[in-house]
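Following: one structure in structure tokens, then a few remarks.
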Amino acid sequence: MVSFIGKVKKLLMKLNTKMRSFFWNIRRILHNVKTKIGKFLDKYHLNFANKFPGWAKALLYLSPALIVLTIFTFWPIINSFALVVYENYNMSNDTITGYTLFGNFLTVITDESFIVPASHTGSSAVINTLIIVFISVPISVLLALFISVALNSIKPLKSFFQTIYFLPYVTNTIAIGLVFAYMFKTDGGLVNQLLGMVGVNAEGLSWVESGAVYWRSMFVLIFYGIWASLAFKIMVFLTSMQGIDKQYYQAAAIDSTPRRRIFSKITVPLISPMIFYILVTSVIGAFKIYNSIVALFGVSGAPAGVDYNLQSIVMYIYQFIDGSNAGNLSVAAAGSLILFVIILLLTLVQMQVSKKRVHY
Amino acid sequence: MDKKLFLKSNKIEKISFIFDLLAIIAYIALFLILFKMLALPEIVNGSMDLDNLQFMTPVYEFLGMTLDKGQMNYVITLTVLFTVVSVPMFFINTKKVKTRTIYEVDSYVAGSKFVQAIVNLLSFNPISAGLRIYNTFVLIKFVKGYNPREFFKSVIPAVKKKFKETFKKRVKEDYSNLDEYSISIKQSIRRQRTVRVTILLFTYFFLIMMAFIIIIPFYWMILTSLKDFSGATSTNPDFFLSISRMNWVNYKVVLTELNFGLYIKNTVIVAIFSTVGTIFTTILAAYAFARIEFKGRELLFSILIMTMMIPGELYIITNFITVSKNGFGWVGMPTGSNNYFVAMIIPFVTNISFIFFLRQNFKQIPESLYKAARVDGCSDFKYLTRVMVPIASPTIFTITILNVFSSWNAYIWPRIITGVGGQEGKNFWLISNALRDTAFVQDNGRVMYNLQIAASALVTVPLLIVFFMFRKYIMNGIGRSGTKG
């Protein structure tokens, strides 16, 4: 038995050495061929590898990303300008009936429930979106600012709080949206239960189900939006606050400056570029709100059995891809171009303001 | 400082790791076995009779014991609790043993070892507990030089002394022999101290309140996912749940009957492939933008940055045409000839903001390193793989995690892609659109809230686990990318 194991061991060792020498031989041969080719090329001045122009090398490195980007990023931008001028574009057989310059834009703008509140719903996509933007962005930015100032002023438990505040960033919008809808349930929802404990008569108060008033369901939507977006803002504010030179605060401490003045004269001006950045990104983010509405109210964008809806602009666009009006992609393209223009204008305005106000 | 004792303590700790690991494996195995044993309702007319879920009284035979429903829930909850406690403890301890030096050991370390021993004892792991208690005494000997007997003798006087110190009567300061000015200064110092303490208390109160608001949805989600149907829909919901009433069978129903196992598999496939693709294309492109000099580099880069401002809806409209019948034909074809995975992966194998982020990181690597490598005959590609990637690996890791998160949370694109597929497309749902579009409604109109929330928890918990494992990378990555963007 022992001799058998020894034999197997020897055989394996032999095999190992043979394998190794085999691979080394291959490597040597390849290397020889490589050097010979190199010498040959050098001899006749054919070696392009050394004279490889920069752009060719760059193209080699960029091509995987550029191919995908061309098909799925640059082409859509061009194509959406083409789509906009088509009349009655039919996706299933790729045909059109004619061309129009502003027809699709007009369809969008005059469409009931885009800008003009529809007669049977009493609300429109643009108005809904604007309400969400102008309420949720200021509140969430201010709240994030206060929380990060508070976090920055304490030492024990700081990283613990930081971790907790970061949790909403890593969650699935749909999943937590369903939980929020469940928490705001009419019968036996957590929120109504808590209100009852505080002493408010919340019996049968409807938030996201049938019978909810417009502002109540809007409140849930905005609350959820703020809850979900706080994490990123706090994180960015805190990082930039930790980057402020301690000397400013020490100088203020010597002069016994009150906290309010330290906040308004040192902290806010020094992180104003970050506040501005957050403001721009969160306005853009609020304009593109979609997932949280779907999570709370379903694809229809309204609580069951109410006469309004909470459609946002993005939701209006997506209904042409899958939904009641499926197929009319030209109108969808026109809608998304309008959204793009709105975002572009807002960014430009904010940039102009920031040039004057923001301290860099 | 006796180095021998320190090494001995490390050795004991390493031995207890083996038993910790064995215990963790045992908990997980027990959980899986018991979870597999959980009884599901009978199948009536091709679908599961979910109304019967809460009224069933199954009896389980396990290792010669007979367990009823409540006892089974009790055992499973205990295995989950033990796993949740012991896995992080194991990882933190292994890291500590690796990095701890002899100068960092103090009496606090001995105390924490003792606490860990008690936790081990509570989680039915007596061997590790015994080893850790022994280790505590080794550490006490190392720190203070006490034998166990000397230690026990010294405990009572020390406690008495501490007791006396804390309850010593405060002597009221005598102001009588001070002049008016120093009294006023003393009083103003006291006033300032009270103001500072009040502000601090207020700050903590504010932070705790906000933390409650942040944490409540998560708590409510976990709680509801373990309730039975009548518990989840009662008008007077419980805020706490006793251990024997935690219905782990909800998760089993969601995974098997409601097909979430399949959806999780789909999502993992899409996440893996799109992440690998993204990392590959992003590293190459970022390298080209950071190091290779060519005409129009800045122009191309600024065009890429500008496209980041365009809303994603604009792309989705045309991309939908591109992948469907008149384009590549990946979806929208007759049943059986569709390629849903390709349609869900390929558009997302690159990401401009990650290219931007990684390029900034590559640029920080000194140029002289590149020149030195070139002098030594290192090709560009070799330099990228041997030097750049290892140096930027924390950033690349952050990008990997963020990309996995975003494909886990993708909703609209998978929804559109699988929506055109009708019944066939349902088998390719990703987790988010499954969550939204699965009907949790019974035939009799009941909405199975507990199952819906259990599915939500099933989607959220993996994200939270990954987050807690790589917390530092993710939080640093977000902070830095924010400051630079």
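Chain labels run A, B, ... following the order of the structure tokens; each chain numbers its residues from 1, and ligands are numbered from 1 in the order shown.
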So which residues touch Lys113 (chain B) within 12 Å, counting only C-alpha atoms, skipping near sequence neighbours fewer than 5 positions away, as a CSV table (one decimal) with N, CA, C and O atoms, in the first residue's frame?
```
chain,number,residue,atom,x,y,z
B,9,SER,N,-2.6,34.8,24.6
B,9,SER,CA,-4.0,35.3,24.4
B,9,SER,C,-4.5,35.3,23.0
B,9,SER,O,-5.6,34.9,22.6
B,10,ASN,N,-3.5,35.7,22.1
B,10,ASN,CA,-3.9,35.6,20.6
B,10,ASN,C,-4.1,34.2,20.2
B,10,ASN,O,-5.0,33.9,19.4
B,12,ILE,N,-5.2,31.7,22.0
B,12,ILE,CA,-6.5,31.2,22.5
B,12,ILE,C,-7.6,31.8,21.7
B,12,ILE,O,-8.6,31.1,21.3
B,13,GLU,N,-7.5,33.1,21.3
B,13,GLU,CA,-8.5,33.7,20.5
B,13,GLU,C,-8.6,33.0,19.2
B,13,GLU,O,-9.8,32.8,18.7
B,16,SER,N,-10.6,29.9,19.6
B,16,SER,CA,-12.0,30.1,19.7
B,16,SER,C,-12.7,30.5,18.4
B,16,SER,O,-13.9,30.3,18.2
B,89,MET,N,-19.7,39.6,14.9
B,89,MET,CA,-18.7,39.5,16.0
B,89,MET,C,-17.5,38.8,15.5
B,89,MET,O,-16.4,39.1,15.8
B,93,ASN,N,-13.8,40.4,15.3
B,93,ASN,CA,-12.7,39.8,16.1
B,93,ASN,C,-11.5,39.4,15.2
B,93,ASN,O,-10.4,39.6,15.6
B,96,LYS,N,-9.6,42.4,14.4
B,96,LYS,CA,-8.9,42.9,15.5
B,96,LYS,C,-7.6,42.1,15.8
B,96,LYS,O,-6.6,42.7,16.1
B,105,VAL,N,-3.4,46.7,24.1
B,105,VAL,CA,-4.2,45.9,25.1
B,105,VAL,C,-4.3,46.6,26.4
B,105,VAL,O,-3.3,47.0,27.0
B,106,ASP,N,-5.6,46.9,26.8
B,106,ASP,CA,-5.8,47.4,28.2
B,106,ASP,C,-6.9,46.7,28.9
B,106,ASP,O,-7.4,45.7,28.4
B,107,SER,N,-7.3,47.2,30.0
B,107,SER,CA,-8.3,46.5,30.8
B,107,SER,C,-9.6,46.5,30.1
B,107,SER,O,-10.4,45.6,30.3
B,108,TYR,N,-9.9,47.5,29.2
B,108,TYR,CA,-11.1,47.5,28.4
B,108,TYR,C,-11.2,46.3,27.5
B,108,TYR,O,-12.3,45.7,27.4
B,118,ILE,N,-20.0,36.0,27.5
B,118,ILE,CA,-21.4,35.9,27.9
B,118,ILE,C,-22.3,35.7,26.7
B,118,ILE,O,-23.2,34.9,26.7
B,119,VAL,N,-22.0,36.5,25.6
B,119,VAL,CA,-22.8,36.4,24.4
B,119,VAL,C,-22.7,35.0,23.8
B,119,VAL,O,-23.7,34.4,23.4
B,120,ASN,N,-21.5,34.5,23.8
B,120,ASN,CA,-21.3,33.1,23.3
B,120,ASN,C,-22.1,32.1,24.1
B,120,ASN,O,-22.7,31.2,23.6
B,128,SER,N,-16.6,28.2,23.0
B,128,SER,CA,-16.0,29.5,22.8
B,128,SER,C,-16.1,30.3,24.0
B,128,SER,O,-15.2,31.1,24.4
B,129,ALA,N,-17.2,30.2,24.7
B,129,ALA,CA,-17.4,31.0,25.9
B,129,ALA,C,-16.4,30.6,27.0
B,129,ALA,O,-15.7,31.5,27.5
B,130,GLY,N,-16.1,29.3,27.2
B,130,GLY,CA,-15.1,28.9,28.1
B,130,GLY,C,-13.7,29.4,27.7
B,130,GLY,O,-13.0,30.0,28.5
B,131,LEU,N,-13.4,29.3,26.4
B,131,LEU,CA,-12.1,29.8,26.0
B,131,LEU,C,-12.0,31.3,26.2
B,131,LEU,O,-10.9,31.8,26.6
B,132,ARG,N,-13.1,32.0,25.9
B,132,ARG,CA,-13.0,33.5,26.1
B,132,ARG,C,-12.8,33.9,27.6
B,132,ARG,O,-12.1,34.8,27.9
B,133,ILE,N,-13.5,33.1,28.5
B,133,ILE,CA,-13.4,33.4,29.9
B,133,ILE,C,-11.9,33.2,30.3
B,133,ILE,O,-11.3,34.0,31.0
B,134,TYR,N,-11.4,32.1,29.9
B,134,TYR,CA,-10.0,31.8,30.1
B,134,TYR,C,-9.1,32.9,29.6
B,134,TYR,O,-8.2,33.4,30.3
B,135,ASN,N,-9.4,33.4,28.4
B,135,ASN,CA,-8.6,34.4,27.7
B,135,ASN,C,-8.7,35.7,28.5
B,135,ASN,O,-7.8,36.5,28.7
B,136,THR,N,-9.9,36.0,29.1
B,136,THR,CA,-10.1,37.2,30.0
B,136,THR,C,-9.1,37.2,31.1
B,136,THR,O,-8.4,38.2,31.4
B,137,PHE,N,-8.9,36.0,31.8
B,137,PHE,CA,-8.0,35.9,32.9
B,137,PHE,C,-6.6,36.1,32.4
B,137,PHE,O,-5.8,36.7,33.1
B,138,VAL,N,-6.3,35.5,31.2
B,138,VAL,CA,-4.9,35.7,30.7
B,138,VAL,C,-4.7,37.2,30.5
B,138,VAL,O,-3.6,37.8,30.8
B,139,LEU,N,-5.7,37.9,29.9
B,139,LEU,CA,-5.5,39.3,29.6
B,139,LEU,C,-5.4,40.1,30.9
B,139,LEU,O,-4.6,41.1,31.0
B,140,ILE,N,-6.2,39.7,32.0
B,140,ILE,CA,-6.0,40.4,33.2
B,140,ILE,C,-4.6,40.3,33.8
B,140,ILE,O,-4.0,41.2,34.2
```
For Phe161 (chain A): contacts at 12 Å, only C-alpha atoms, fewer than 6 positions along chain excluded, given as JSON, numbers by chain = {"A": [147, 148, 150, 151, 152, 154, 155, 167, 231, 234, 235], "B": [204, 206, 207, 208, 209, 210, 211, 212, 214, 215]}
Could you give me, as a PyMOL selection string, the residues within 9 Å of Leu329 (chain A), counting only C-alpha atoms and dropping anything in the same chain fewer than 5 positions from it?
-> (chain A and resi 83-84+88-91+317+320-321+334) or (chain B and resi 317-318)
As a PyMOL selection string, please: all residues of region 26-205 of chain A that backbone DSSP puts in helix (DSSP H, G or I).
-> chain A and resi 26-43+54-85+103-110+125-152+158-170+173-183+190-198
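Close contacts of Thr347 (chain A), defined as residues with an atom at most 12 Å away when counting only C-alpha atoms, with chain neighbours fewer than 2 positions off set aside, comprise Phe276, Tyr277, Ile278, Leu279, Val280, Thr281, Ser282, Val283, Ile284, Phe340, Val341, Ile342, Ile343, Leu344, Leu345, Val349, Gln350, Met351, Gln352, Val353 and Ser354 of chain A; Met309 and Ile310 of chain B.
Here the question is which of B:Phe320, B:Phe357, B:Phe163, B:Phe260 gets nearest to chain A using only C-alpha atoms, and that residue is B:Phe320.
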Would you please work out which residue, of A:Phe146, A:Tyr316, A:Ala228, A:Val306, is nearest to Gly285 (chain A) when using only C-alpha atoms?
-> A:Ala228
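Residues with any atom within 12 Å of Ser393 (chain B), counting only C-alpha atoms and excluding same-chain neighbours fewer than 6 positions away, are Ile279, Ile283, Leu358, Asn361, Phe362, Leu384, Thr385, Arg386, Val387, Ile399, Thr400, Tyr473 and Gly477 of chain B.
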Shell of 12 Å around region 246-260 of chain A, only C-alpha atoms, local chain residues under 3 positions omitted, as a ChimeraX atom specification | /A:146,149-150,153,241-243,263-270 /B:192,195-196,199
Selection file, N, CA and C atoms, as a PDB file, in the first residue's frame:
```
ATOM      1  N   PHE A 146     -29.373  71.211   8.704  1.00  0.00           N
ATOM      2  CA  PHE A 146     -29.455  71.220  10.168  1.00  0.00           C
ATOM      3  C   PHE A 146     -28.902  69.926  10.745  1.00  0.00           C
ATOM      4  N   VAL A 149     -25.143  69.865  10.519  1.00  0.00           N
ATOM      5  CA  VAL A 149     -24.519  70.754  11.509  1.00  0.00           C
ATOM      6  C   VAL A 149     -24.560  70.114  12.890  1.00  0.00           C
ATOM      7  N   ALA A 150     -25.728  69.534  13.225  1.00  0.00           N
ATOM      8  CA  ALA A 150     -25.861  68.879  14.526  1.00  0.00           C
ATOM      9  C   ALA A 150     -24.899  67.707  14.648  1.00  0.00           C
ATOM     10  N   SER A 153     -21.358  68.698  15.309  1.00  0.00           N
ATOM     11  CA  SER A 153     -21.016  69.317  16.589  1.00  0.00           C
ATOM     12  C   SER A 153     -20.905  68.298  17.715  1.00  0.00           C
ATOM     13  N   MET A 241     -18.255  69.774   5.302  1.00  0.00           N
ATOM     14  CA  MET A 241     -18.059  70.489   6.574  1.00  0.00           C
ATOM     15  C   MET A 241     -16.793  70.028   7.271  1.00  0.00           C
ATOM     16  N   GLN A 242     -16.482  68.727   7.133  1.00  0.00           N
ATOM     17  CA  GLN A 242     -15.252  68.243   7.760  1.00  0.00           C
ATOM     18  C   GLN A 242     -14.017  68.792   7.071  1.00  0.00           C
ATOM     19  N   GLY A 243     -14.216  69.289   5.835  1.00  0.00           N
ATOM     20  CA  GLY A 243     -13.079  69.854   5.116  1.00  0.00           C
ATOM     21  C   GLY A 243     -12.806  71.311   5.457  1.00  0.00           C
ATOM     22  N   PHE A 263     -22.929  79.642  12.303  1.00  0.00           N
ATOM     23  CA  PHE A 263     -23.605  78.890  11.257  1.00  0.00           C
ATOM     24  C   PHE A 263     -23.781  79.739  10.005  1.00  0.00           C
ATOM     25  N   SER A 264     -24.259  80.992  10.200  1.00  0.00           N
ATOM     26  CA  SER A 264     -24.607  81.776   9.014  1.00  0.00           C
ATOM     27  C   SER A 264     -23.402  82.478   8.393  1.00  0.00           C
ATOM     28  N   LYS A 265     -22.350  82.728   9.204  1.00  0.00           N
ATOM     29  CA  LYS A 265     -21.220  83.487   8.647  1.00  0.00           C
ATOM     30  C   LYS A 265     -20.008  82.627   8.317  1.00  0.00           C
ATOM     31  N   ILE A 266     -19.904  81.438   8.900  1.00  0.00           N
ATOM     32  CA  ILE A 266     -18.748  80.592   8.586  1.00  0.00           C
ATOM     33  C   ILE A 266     -19.166  79.326   7.839  1.00  0.00           C
ATOM     34  N   THR A 267     -20.048  78.542   8.469  1.00  0.00           N
ATOM     35  CA  THR A 267     -20.341  77.231   7.891  1.00  0.00           C
ATOM     36  C   THR A 267     -21.013  77.347   6.524  1.00  0.00           C
ATOM     37  N   VAL A 268     -22.116  78.085   6.478  1.00  0.00           N
ATOM     38  CA  VAL A 268     -22.873  78.140   5.223  1.00  0.00           C
ATOM     39  C   VAL A 268     -22.056  78.765   4.085  1.00  0.00           C
ATOM     40  N   PRO A 269     -21.381  79.911   4.291  1.00  0.00           N
ATOM     41  CA  PRO A 269     -20.609  80.443   3.169  1.00  0.00           C
ATOM     42  C   PRO A 269     -19.517  79.506   2.690  1.00  0.00           C
ATOM     43  N   LEU A 270     -18.880  78.799   3.631  1.00  0.00           N
ATOM     44  CA  LEU A 270     -17.761  77.969   3.205  1.00  0.00           C
ATOM     45  C   LEU A 270     -18.212  76.698   2.492  1.00  0.00           C
TER      46      LEU A 270
ATOM     47  N   GLN B 192     -22.843  79.519  31.554  1.00  0.00           N
ATOM     48  CA  GLN B 192     -22.407  79.054  30.230  1.00  0.00           C
ATOM     49  C   GLN B 192     -22.430  77.538  30.140  1.00  0.00           C
ATOM     50  N   VAL B 195     -25.919  76.350  29.653  1.00  0.00           N
ATOM     51  CA  VAL B 195     -26.367  76.598  28.274  1.00  0.00           C
ATOM     52  C   VAL B 195     -25.781  75.547  27.341  1.00  0.00           C
ATOM     53  N   ARG B 196     -24.481  75.259  27.531  1.00  0.00           N
ATOM     54  CA  ARG B 196     -23.823  74.298  26.633  1.00  0.00           C
ATOM     55  C   ARG B 196     -24.473  72.916  26.768  1.00  0.00           C
ATOM     56  N   ILE B 199     -27.866  72.873  25.087  1.00  0.00           N
ATOM     57  CA  ILE B 199     -27.775  72.791  23.626  1.00  0.00           C
ATOM     58  C   ILE B 199     -27.405  71.389  23.199  1.00  0.00           C
TER      59      ILE B 199
END
```
